[in-house]
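Asker: Structure file my_file21.csv (CSV, C-alpha atoms) right here:
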chain,number,residue,atom,x,y,z
L,1,MET,CA,92.0,63.2,65.9
L,2,LYS,CA,91.2,66.8,65.2
L,3,VAL,CA,90.8,69.0,68.3
L,4,GLU,CA,87.5,70.9,68.5
L,5,VAL,CA,88.0,74.7,68.3
L,6,PHE,CA,85.7,77.3,70.0
L,7,ILE,CA,85.4,81.1,69.8
L,8,THR,CA,85.0,81.9,73.5
L,9,SER,CA,85.0,85.7,73.3
L,10,VAL,CA,84.3,88.3,70.5
L,11,ASN,CA,84.4,92.1,70.7
L,12,LYS,CA,84.9,95.2,68.6
L,13,PHE,CA,86.4,98.7,69.0
L,14,LEU,CA,85.1,101.7,67.1
L,15,PRO,CA,87.1,104.9,67.5
L,16,ASN,CA,85.7,108.3,68.6
L,17,ALA,CA,82.1,109.3,68.1
L,18,PRO,CA,79.9,108.2,65.2
L,19,VAL,CA,80.0,110.4,62.2
L,20,SER,CA,76.8,111.1,60.3
L,21,ASN,CA,76.4,111.4,56.6
L,22,ASP,CA,76.2,115.2,56.8
L,23,ASP,CA,79.5,115.4,58.7
L,24,MET,CA,81.7,113.1,56.7
L,25,GLU,CA,83.6,115.8,54.8
L,26,ARG,CA,84.4,117.7,58.0
L,27,TYR,CA,86.7,114.8,58.7
L,28,LEU,CA,87.7,113.8,55.2
L,29,GLY,CA,87.9,117.3,53.9
L,30,LEU,CA,86.7,118.9,50.7
L,31,ILE,CA,88.4,118.3,47.4
L,32,ASN,CA,89.4,121.7,46.0
L,33,GLY,CA,87.1,123.3,48.6
L,34,LYS,CA,84.0,121.9,47.0
L,35,PRO,CA,81.4,119.3,48.4
L,36,SER,CA,81.5,116.0,46.5
L,37,ARG,CA,79.0,115.4,43.8
L,38,VAL,CA,79.5,111.6,44.2
L,39,LYS,CA,78.7,111.5,47.9
L,40,ARG,CA,74.9,111.7,47.6
L,41,ILE,CA,74.8,109.0,45.0
L,42,VAL,CA,77.1,106.7,46.9
L,43,LEU,CA,75.3,107.1,50.2
L,44,LYS,CA,71.9,106.5,48.6
L,45,GLN,CA,73.1,103.1,47.4
L,46,ASN,CA,75.1,102.0,50.3
L,47,GLY,CA,72.5,102.8,53.0
L,48,ILE,CA,75.1,103.7,55.6
L,49,ARG,CA,73.9,106.2,58.1
L,50,SER,CA,76.9,106.5,60.4
L,51,ARG,CA,80.4,105.3,60.7
L,52,TYR,CA,83.6,105.9,62.7
L,53,TYR,CA,86.9,107.6,61.9
L,54,ALA,CA,90.2,107.5,63.7
L,55,LEU,CA,90.4,111.2,62.9
L,56,ASP,CA,89.5,114.4,64.7
L,57,GLU,CA,87.9,117.4,63.0
L,58,ASN,CA,91.3,118.8,62.3
L,59,GLN,CA,91.9,115.7,60.2
L,60,LYS,CA,94.6,114.4,62.6
L,61,ILE,CA,94.9,110.7,63.2
L,62,THR,CA,93.8,109.7,66.7
L,63,HIS,CA,94.6,106.0,66.6
L,64,THR,CA,97.1,104.0,64.6
L,65,ASN,CA,95.9,100.7,63.0
L,66,ALA,CA,97.9,98.8,65.5
L,67,GLU,CA,96.3,100.7,68.4
L,68,LEU,CA,92.8,99.9,67.0
L,69,ALA,CA,93.7,96.2,66.9
L,70,PHE,CA,95.1,96.4,70.4
L,71,ARG,CA,91.9,98.0,71.8
L,72,SER,CA,89.6,95.3,70.5
L,73,ILE,CA,92.0,92.6,71.7
L,74,THR,CA,91.9,93.9,75.3
L,75,LYS,CA,88.1,94.0,75.2
L,76,LEU,CA,88.1,90.2,74.8
L,77,PHE,CA,89.0,89.8,78.4
L,78,PRO,CA,86.8,90.8,81.4
L,79,ASP,CA,89.4,93.0,83.0
L,80,GLU,CA,90.9,94.1,79.7
L,81,LYS,CA,94.2,92.6,80.8
L,82,ILE,CA,95.8,90.4,78.3
L,83,PRO,CA,96.8,87.0,79.9
L,84,ASP,CA,100.0,85.1,79.4
L,85,ASP,CA,98.4,81.9,78.2
L,86,LEU,CA,98.0,82.9,74.6
L,87,ASP,CA,99.9,80.9,72.1
L,88,VAL,CA,99.1,82.5,68.7
L,89,LEU,CA,98.3,86.0,67.4
L,90,ALA,CA,97.0,86.3,63.9
L,91,CYS,CA,96.3,89.8,62.6
L,92,ALA,CA,94.4,90.9,59.5
L,93,THR,CA,94.3,94.3,57.8
L,94,GLY,CA,94.2,95.9,54.4
L,95,ASN,CA,95.8,99.2,55.8
L,96,PRO,CA,98.8,98.5,57.9
L,97,ASP,CA,100.6,101.5,59.4
L,98,GLN,CA,103.8,100.7,57.6
L,99,LEU,CA,105.2,98.4,54.9
L,100,LEU,CA,107.7,96.9,57.4
L,101,PRO,CA,107.7,95.5,60.0
L,102,SER,CA,104.6,93.4,59.9
L,103,HIS,CA,101.3,94.6,61.3
L,104,ALA,CA,101.2,91.7,63.7
L,105,SER,CA,104.6,92.6,65.1
L,106,MET,CA,103.4,96.1,65.9
L,107,VAL,CA,100.2,94.8,67.6
L,108,HIS,CA,102.2,92.3,69.6
L,109,GLY,CA,104.5,95.1,70.6
L,110,LEU,CA,101.5,96.9,72.2
L,111,MET,CA,100.2,93.8,73.9
L,112,LYS,CA,103.4,93.3,75.9
L,113,ASN,CA,102.2,89.9,77.2
L,114,LYS,CA,104.9,87.3,76.4
L,115,PRO,CA,106.9,86.0,73.4
L,116,MET,CA,104.5,84.2,71.1
L,117,GLU,CA,103.8,83.0,67.5
L,118,ILE,CA,102.5,85.7,65.2
L,119,TYR,CA,101.0,85.9,61.7
L,120,SER,CA,100.1,88.9,59.5
L,121,CYS,CA,97.5,88.5,56.8
L,122,ALA,CA,97.5,91.2,54.2
L,123,GLY,CA,94.9,91.8,51.5
L,124,VAL,CA,91.4,93.1,51.6
L,125,CYS,CA,88.2,91.8,53.4
L,126,LEU,CA,89.0,88.1,53.3
L,127,THR,CA,92.1,88.6,55.4
L,128,CYS,CA,89.7,88.2,58.5
L,129,LEU,CA,89.0,84.6,57.6
L,130,GLN,CA,92.6,83.9,56.6
L,131,ALA,CA,93.7,85.0,60.1
L,132,LEU,CA,90.9,83.0,61.6
L,133,LYS,CA,91.9,79.9,59.7
L,134,VAL,CA,95.5,80.2,60.8
L,135,SER,CA,94.3,80.4,64.4
L,136,PHE,CA,91.8,77.6,64.0
L,137,MET,CA,94.3,75.2,62.4
L,138,SER,CA,96.9,75.9,65.0
L,139,ILE,CA,94.5,74.7,67.7
L,140,ALA,CA,92.8,72.0,65.7
L,141,SER,CA,96.2,70.4,65.0
L,142,GLY,CA,97.0,70.3,68.7
L,143,LEU,CA,100.0,72.7,68.4
L,144,SER,CA,98.4,75.4,70.5
L,145,LYS,CA,95.5,75.9,73.0
L,146,LYS,CA,94.6,79.5,72.7
L,147,ALA,CA,94.8,82.1,69.9
L,148,VAL,CA,93.7,85.6,69.2
L,149,CYS,CA,92.5,86.6,65.7
L,150,SER,CA,92.5,90.3,65.3
L,151,THR,CA,91.1,92.4,62.4
L,152,SER,CA,91.5,96.1,62.0
L,153,GLU,CA,91.2,98.9,59.4
L,154,LEU,CA,92.5,102.4,59.3
L,155,ALA,CA,91.2,103.6,56.0
L,156,SER,CA,90.2,107.2,56.7
L,157,PRO,CA,93.7,108.8,56.3
L,158,THR,CA,93.9,107.5,52.8
L,159,LEU,CA,90.4,109.0,52.0
L,160,GLN,CA,91.3,112.5,53.0
L,161,SER,CA,91.0,115.3,50.4
L,162,LYS,CA,94.7,116.0,50.6
L,163,ASN,CA,95.3,112.7,48.8
L,164,TYR,CA,93.2,113.8,45.8
L,165,GLU,CA,93.7,117.5,45.4
L,166,GLU,CA,97.0,117.4,43.6
L,167,GLU,CA,95.6,115.0,41.0
L,168,TYR,CA,92.6,117.3,40.4
L,169,GLU,CA,94.9,120.3,40.1
L,170,HIS,CA,97.2,118.5,37.7
L,171,CYS,CA,94.4,117.4,35.5
L,172,ALA,CA,93.0,121.0,35.4
L,173,GLN,CA,96.3,122.4,34.4
L,174,VAL,CA,96.8,120.2,31.4
L,175,GLY,CA,93.1,120.4,30.4
L,176,GLU,CA,92.2,116.7,31.0
L,177,ASP,CA,89.2,115.2,32.7
L,178,PRO,CA,90.1,114.1,36.3
L,179,TYR,CA,91.7,110.7,36.3
L,180,MET,CA,90.0,109.7,39.5
L,181,ALA,CA,86.4,109.7,38.3
L,182,PHE,CA,83.8,107.5,40.1
L,183,GLU,CA,86.1,104.5,40.6
L,184,LYS,CA,88.2,106.4,43.1
L,185,GLY,CA,85.8,109.0,44.5
L,186,PHE,CA,83.0,106.6,45.5
L,187,LEU,CA,85.2,104.6,48.0
L,188,ARG,CA,85.8,107.8,50.0
L,189,PHE,CA,82.2,107.4,51.2
L,190,MET,CA,82.1,103.7,51.6
L,191,LEU,CA,85.0,102.8,53.9
L,192,SER,CA,85.7,103.7,57.6
L,193,ASP,CA,87.7,102.6,60.6
L,194,GLY,CA,87.4,100.1,63.4
L,195,SER,CA,88.6,96.7,64.7
L,196,SER,CA,87.3,93.4,66.0
L,197,SER,CA,88.8,90.4,67.6
L,198,VAL,CA,88.0,86.8,68.6
L,199,LEU,CA,89.5,84.5,71.2
L,200,LEU,CA,89.9,80.9,70.2
L,201,SER,CA,90.4,78.0,72.5
L,202,ASP,CA,90.4,74.2,72.6
L,203,GLN,CA,87.8,74.4,75.5
L,204,LYS,CA,84.4,76.0,75.4
L,205,ASN,CA,83.2,78.5,78.0
L,206,GLN,CA,82.2,76.9,81.3
L,207,THR,CA,79.5,79.5,81.7
L,208,GLY,CA,77.9,81.5,78.9
L,209,LEU,CA,77.8,80.8,75.2
L,210,SER,CA,80.7,79.8,72.9
L,211,PHE,CA,80.8,79.3,69.1
L,212,LYS,CA,82.1,76.0,67.9
L,213,ILE,CA,83.9,76.4,64.5
L,214,GLU,CA,82.6,73.6,62.3
L,215,TRP,CA,84.6,74.5,59.2
L,216,ILE,CA,86.2,77.4,57.3
L,217,GLU,CA,86.3,77.4,53.5
L,218,MET,CA,87.9,80.0,51.2
L,219,THR,CA,88.1,80.1,47.4
L,220,SER,CA,90.0,82.5,45.1
L,221,TYR,CA,88.9,83.0,41.5
L,222,ALA,CA,92.0,85.1,40.6
L,223,ASN,CA,92.8,82.4,38.0
L,224,GLU,CA,89.6,83.4,36.1
L,225,LEU,CA,89.1,87.1,36.9
L,226,PRO,CA,91.3,90.3,36.7
L,227,THR,CA,92.1,92.7,39.5
L,228,CYS,CA,89.1,94.7,40.7
L,229,MET,CA,90.1,96.6,43.9
L,230,PHE,CA,93.7,97.8,44.4
L,231,MET,CA,95.9,100.4,46.2
L,232,GLY,CA,99.4,101.4,45.5
L,233,ALA,CA,99.1,100.6,41.8
L,234,GLU,CA,97.3,101.4,38.6
L,235,LEU,CA,95.6,99.2,36.1
L,236,ARG,CA,97.5,98.5,32.9
L,237,GLY,CA,95.9,98.1,29.5
L,238,ASP,CA,96.3,94.3,29.8
L,239,GLY,CA,94.4,94.2,33.0
L,240,GLU,CA,97.4,93.6,35.2
L,241,LEU,CA,98.8,96.1,37.7
L,242,LYS,CA,101.5,98.7,37.4
L,243,SER,CA,103.2,98.8,40.9
L,244,TRP,CA,103.9,102.0,42.8
L,245,LYS,CA,107.5,101.0,42.5
L,246,GLU,CA,107.4,101.8,38.7
L,247,PHE,CA,106.3,105.4,39.1
L,248,GLU,CA,108.4,108.6,39.5
L,249,SER,CA,107.9,110.3,42.8
L,250,PRO,CA,105.7,113.2,41.5
L,251,GLU,CA,103.4,110.7,39.8
L,252,LEU,CA,102.6,109.0,43.1
L,253,ILE,CA,100.9,112.3,44.1
L,254,ASN,CA,99.6,113.5,40.8
L,255,ARG,CA,98.0,110.2,40.0
L,256,SER,CA,96.8,109.4,43.5
L,257,VAL,CA,98.5,106.1,43.3
L,258,PHE,CA,98.1,105.4,47.0
L,259,THR,CA,94.3,105.9,47.1
L,260,VAL,CA,92.2,102.8,47.1
L,261,LYS,CA,90.4,102.2,43.8
L,262,GLN,CA,87.8,99.8,42.5
L,263,ASP,CA,86.7,98.9,38.9
L,264,ILE,CA,82.9,99.1,39.1
L,265,ARG,CA,82.6,97.6,35.6
L,266,LEU,CA,84.1,94.4,36.9
L,267,LEU,CA,82.4,94.4,40.3
L,268,LYS,CA,78.8,94.4,39.3
L,269,PRO,CA,78.7,91.5,36.9
L,270,ASN,CA,80.9,89.2,39.0
L,271,ILE,CA,80.8,89.8,42.7
L,272,ILE,CA,77.4,88.2,43.5
L,273,ARG,CA,77.5,85.4,40.9
L,274,TYR,CA,80.9,84.0,42.1
L,275,TRP,CA,79.9,84.6,45.7
L,276,VAL,CA,76.9,82.3,45.5
L,277,ASP,CA,78.8,79.8,43.4
L,278,HIS,CA,81.3,79.5,46.4
L,279,LEU,CA,78.4,79.3,48.9
L,280,GLU,CA,76.7,76.5,47.0
L,281,GLN,CA,80.0,74.6,46.8
L,282,CYS,CA,80.6,74.9,50.5
L,283,LEU,CA,77.2,73.7,51.5
L,284,GLN,CA,77.4,70.8,49.1
L,285,LYS,CA,81.0,69.8,50.3
L,286,HIS,CA,80.0,69.7,53.9
L,287,GLY,CA,76.5,68.2,53.4
L,288,VAL,CA,74.8,71.2,55.0
L,289,ASP,CA,71.0,71.7,54.4
L,290,SER,CA,70.5,75.4,54.2
L,291,SER,CA,67.2,75.1,56.0
L,292,GLU,CA,69.1,74.2,59.1
L,293,ILE,CA,70.9,77.5,59.2
L,294,ASP,CA,69.5,79.9,61.8
L,295,TYR,CA,71.5,83.1,61.1
L,296,VAL,CA,73.5,84.4,58.2
L,297,ILE,CA,75.9,87.3,58.6
L,298,PRO,CA,77.0,88.6,55.2
L,299,HIS,CA,79.7,91.1,54.9
L,300,VAL,CA,78.6,93.5,52.2
L,301,SER,CA,80.1,96.8,51.2
L,302,SER,CA,76.7,98.4,50.8
L,303,MET,CA,73.0,97.7,51.2
L,304,PHE,CA,72.8,97.7,47.4
L,305,PHE,CA,74.7,94.4,47.3
L,306,TYR,CA,72.8,93.1,50.3
L,307,GLY,CA,69.7,93.1,48.2
L,308,LYS,CA,71.5,91.7,45.1
L,309,LEU,CA,72.9,88.8,47.2
L,310,ALA,CA,69.5,88.0,48.6
L,311,GLU,CA,68.0,87.9,45.1
L,312,GLU,CA,70.6,85.5,43.8
L,313,ILE,CA,70.4,83.2,46.8
L,314,GLU,CA,66.6,83.1,46.4
L,315,ALA,CA,66.9,82.5,42.6
L,316,ARG,CA,69.0,79.4,43.2
L,317,GLY,CA,66.6,77.9,45.6
L,318,ILE,CA,68.8,78.2,48.7
L,319,ASP,CA,66.9,78.4,51.9
L,320,LEU,CA,68.7,81.4,53.4
L,321,GLY,CA,66.1,84.1,53.2
L,322,ILE,CA,66.8,87.6,54.6
L,323,GLU,CA,64.6,86.8,57.7
L,324,LYS,CA,67.7,84.9,58.8
L,325,TRP,CA,70.2,87.7,58.0
L,326,PHE,CA,71.9,90.0,60.5
L,327,THR,CA,73.9,93.2,59.6
L,328,ASN,CA,75.1,96.3,61.4
L,329,LEU,CA,76.4,97.9,58.3
L,330,THR,CA,74.1,100.9,58.4
L,331,GLU,CA,75.1,101.8,62.0
L,332,ILE,CA,78.9,101.2,62.0
L,333,GLY,CA,79.8,101.5,58.4
L,334,ASN,CA,82.0,99.3,56.2
L,335,ILE,CA,85.2,98.4,58.1
L,336,ALA,CA,86.3,95.8,55.6
L,337,SER,CA,88.2,92.9,57.2
L,338,ALA,CA,86.9,94.0,60.7
L,339,SER,CA,83.3,93.9,59.7
L,340,ILE,CA,82.4,90.2,60.1
L,341,PHE,CA,83.5,89.8,63.7
L,342,ALA,CA,82.0,93.2,64.6
L,343,ALA,CA,78.7,91.9,63.3
L,344,LEU,CA,79.1,88.6,65.2
L,345,ASN,CA,79.7,90.6,68.3
L,346,ASP,CA,76.5,92.6,67.9
L,347,LEU,CA,74.5,89.5,67.1
L,348,TYR,CA,75.9,87.9,70.3
L,349,LYS,CA,75.0,91.0,72.4
L,350,SER,CA,71.5,91.1,70.9
L,351,GLY,CA,70.5,88.2,73.2
L,352,ARG,CA,68.9,86.3,70.4
L,353,LEU,CA,71.2,83.3,70.3
L,354,LYS,CA,70.6,80.0,71.9
L,355,VAL,CA,72.4,76.7,72.1
L,356,ASN,CA,72.6,74.7,68.8
L,357,ASP,CA,71.9,77.8,66.6
L,358,LYS,CA,73.9,77.5,63.4
L,359,ILE,CA,75.4,80.7,62.0
L,360,LEU,CA,77.0,81.2,58.5
L,361,LEU,CA,79.6,83.9,58.1
L,362,LEU,CA,79.9,85.1,54.5
L,363,VAL,CA,82.8,87.2,53.4
L,364,PRO,CA,83.6,88.4,49.8
L,365,GLU,CA,86.7,90.1,48.6
L,366,SER,CA,86.7,92.1,45.4
L,367,GLY,CA,90.5,92.5,45.3
L,368,ARG,CA,90.7,89.8,42.7
L,369,PHE,CA,87.5,88.0,43.7
L,370,SER,CA,88.0,85.7,46.7
L,371,TYR,CA,85.3,84.4,49.0
L,372,GLY,CA,85.1,82.7,52.4
L,373,THR,CA,82.4,80.9,54.4
L,374,VAL,CA,82.4,79.8,58.0
L,375,LEU,CA,79.9,77.6,59.8
L,376,LEU,CA,79.5,78.1,63.6
L,377,THR,CA,77.4,76.3,66.1
L,378,VAL,CA,76.4,78.0,69.3
L,379,VAL,CA,77.3,75.8,72.3
As C-alpha cells - that is how I would like this structure written.

Answerer:
Amino acid sequence: MKVEVFITSVNKFLPNAPVSNDDMERYLGLINGKPSRVKRIVLKQNGIRSRYYALDENQKITHTNAELAFRSITKLFPDEKIPDDLDVLACATGNPDQLLPSHASMVHGLMKNKPMEIYSCAGVCLTCLQALKVSFMSIASGLSKKAVCSTSELASPTLQSKNYEEEYEHCAQVGEDPYMAFEKGFLRFMLSDGSSSVLLSDQKNQTGLSFKIEWIEMTSYANELPTCMFMGAELRGDGELKSWKEFESPELINRSVFTVKQDIRLLKPNIIRYWVDHLEQCLQKHGVDSSEIDYVIPHVSSMFFYGKLAEEIEARGIDLGIEKWFTNLTEIGNIASASIFAALNDLYKSGRLKVNDKILLLVPESGRFSYGTVLLTVV
C-alpha cells in the first residue's frame, strides 16, 4: 500500500534587500555605459516591481547558489538546526555554481548533518517538481520517512553587463547588428535570485497545518516542439542546439554563449496552449472537478502570461477563475524553479488556509516545453 506523504514545512530565502525597477542596472550594470532600451518594455509586460539579487552594488556575488539553498533549508526547522533524521535531499536549480560536482553534493556539504541519499535535478523551472517527485516517491514507496526538496536560483551573475559588452563591441567593430537583440536582452530584467524548500514526511504535523500530496504529474512535449529557452548553446538552423563545447574560446565571449536566451517566436504561440492541454489531462486522469479547487498557484514568468493563462482556462470552461489564484511574482520577482514553493510559503503565511482546502500548483518550463501539476490538500 502506498504511504501517504505530507509537506510539513515550507520556507524561502531571498538574499539582501529588495531591488526596485529603478535600481536594477546598479546591480546588473550598464551595457556599454548606456541604460537599456529593452528594460522599460519588459518591465511594463512582466509587472514585477521588486526582486532580489545575490549581488552587492559593486556587482560582487554575496551568496553562492548552494548557500542560497542551504539558507532556505535551515529555515524549515524552528531552531534553524538541521536534524539527523533526514533520509533524502533532492535539489533543483537551473544555475548550479559549477558543472561538477553536483549541486546537491555542494548543498549537502554545507548541511553537515549526516551521510544521506542525494539527487540533483538540472533544467529550468520544472526541476522543482522533479525534485519534489523524487522526494515524494521515496517516501510513498516506504524507502524513506523524511526528505528535503530544495530549489534555488542564482541567475544575476549571468545577467551582468560584463557578459554582454564584448558581444556588442564585436558586432560594432564588424559593422553588424548586435546578435543579442530582444531574445537575450529581455531576460536580464525577468530573472532574479532566491531559494525555497519543503520538508516531506510520512507523518503530518501534530499541531498546525500540513499539505497532503495527492499526486504529481509532469509532461514533456519535446517530442513535438523545438528548444525555446537555453544557455551554454546557440540555436542551429535546423532548430537543434550547438553546444558550448563546439565553440572556440573567443566565441564563447563574443557571442555571449553563456547568457540565457529565449526564442520569443516559439514561446508566445505554444506556452499557454500546451500548458492548459496538460492541466486538462491531469484533471481528467485523476477525476478532479475543477470547481472543488480552492487555490491555484501558477508559476508565470510575467503578469503578461498570468492574464493569458487565465483567458485560456476560462475559454475552455475550466472552473479555475483568477479569484482562486495566488501569486507573489510582482513582489519577489521570477526566481524560476524556486518560485512555486516560495509562493506556497507566502500563501501559507497569509493565514487564509483551512483544513480540506485543495491547492493546485502549476509549473511550466519553456526550455523545450514541459509542464507539471500538483494537487495538495490542507490537513

Asker: What is the CA of Gln59 in chain L-CA of Gln45 in chain L distance in Å, reported with one decimal?

Answerer: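 Going from CA of Gln59 in chain L over to CA of Gln45 in chain L, I get 26.0 Å.
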
Asker: Out of L:Arg352, L:Lys268, L:Lys60, L:His278, which residue has the shortest atom-to-atom distance to Leu28 in chain L when counting only C-alpha atoms?

Answerer: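 Smallest distance to Leu28 in chain L is found for L:Lys60.
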
Asker: Env of range 112-128 of chain L: 8 Å cut, atoms = only C-alpha atoms, seq-sep filter 3 positions within chain, self excluded. Answer as a PyMOL selection string.

Answerer: chain L and resi 82-84+86-94+102-105+108-109+131-132+134+149-151+336-338+340+363-367+370-372

Asker: Please identify every residue of range 246-331 of chain L that has at least one atom no farther than 10 Å from an atom of range 155-159 of chain L, counting all atoms listed in the file, and for each give the shortest atom pair and the distance in Å to one decimal, arranged by chain then increasing number, as CSV.

Answerer:
residue,atom,partner,partner_atom,distance
L:Ser256,CA,L:Thr158,CA,9.9
L:Phe258,CA,L:Thr158,CA,7.5
L:Thr259,CA,L:Thr158,CA,5.9
L:Val260,CA,L:Thr158,CA,7.6

Asker: May I have the protein, DNA and RNA residues with an atom at most 6 Å from (79.6, 98.0, 53.7), counting only C-alpha atoms in the file's coordinates, returned as a list of chain:residue names?

Answerer: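 Nearby residues: L:Val300, L:Ser301, L:Ser302, L:Leu329, L:Gly333, L:Asn334.
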
Asker: Taking all atoms listed in the file into account, produce a table as JSON lines in which each residue of range 188-304 of chain L with an atom at most 7 Å from an atom of range 67-73 of chain L appears once, together with its shortest atom pair and the distance in Å to one decimal, ordered by chain and rising number.

Answerer:
{"residue": "L:Gly194", "atom": "CA", "partner": "L:Leu68", "partner_atom": "CA", "distance": 6.5}
{"residue": "L:Ser195", "atom": "CA", "partner": "L:Ala69", "partner_atom": "CA", "distance": 5.6}
{"residue": "L:Ser196", "atom": "CA", "partner": "L:Ser72", "partner_atom": "CA", "distance": 5.4}
{"residue": "L:Ser197", "atom": "CA", "partner": "L:Ile73", "partner_atom": "CA", "distance": 5.6}

Asker: Pick out the closest residue to Ile297 in chain L from this set: L:Tyr274, L:Leu376, L:Val5, L:Arg236. Count only C-alpha atoms.

Answerer: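 Of the candidates, the smallest distance to Ile297 in chain L is held by L:Leu376.
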
Asker: In terms of the shortest atom-to-atom distance over all atoms listed in the file, which of L:Asp56, L:Glu292, L:Glu214, L:Asp277 is closest to Met137 in chain L?

Answerer: L:Glu214

Asker: Counting only C-alpha atoms, which of L:Gly239, L:Gly321, L:Gly307, L:Gly287 gets nearest to Leu375 in chain L?

Answerer: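 Of all the options, L:Gly287 lies closest to Leu375 in chain L.
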
Asker: Could you jot down the CA of Pro101 in chain L to CA of Ser138 in chain L separation for me, Å, one decimal place?

Answerer: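 Taking CA of Pro101 in chain L and CA of Ser138 in chain L, their separation equals 22.9 Å.
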
Asker: Would you mind telling me which residue in L:Leu129, L:Val38, L:Leu252, L:Ile322 lies nearest to Phe186 in chain L when using all atoms listed in the file?

Answerer: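 Looking only at the distances to Phe186 in chain L, the closest residue turns out to be L:Val38.
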
Asker: Please measure the separation of CA of Asn16 in chain L and CA of Lys75 in chain L, giving the value in Å to one decimal.

Answerer: 15.9 Å

Asker: Considering only C-alpha atoms, return as a PyMOL selection string whatever protein or nucleic-acid residues lie within 9 Å of Val296 in chain L, sequence-local ones (same chain, fewer than 3 positions apart) excluded.

Answerer: chain L and resi 293+320-322+324-327+358-362

Asker: Can you work out which one of L:Ala66, L:Leu14, L:Leu344, L:Met190 has the shortest atom-to-atom distance to Phe211 in chain L, counting all atoms listed in the file?

Answerer: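 Of all the options, L:Leu344 lies closest to Phe211 in chain L.
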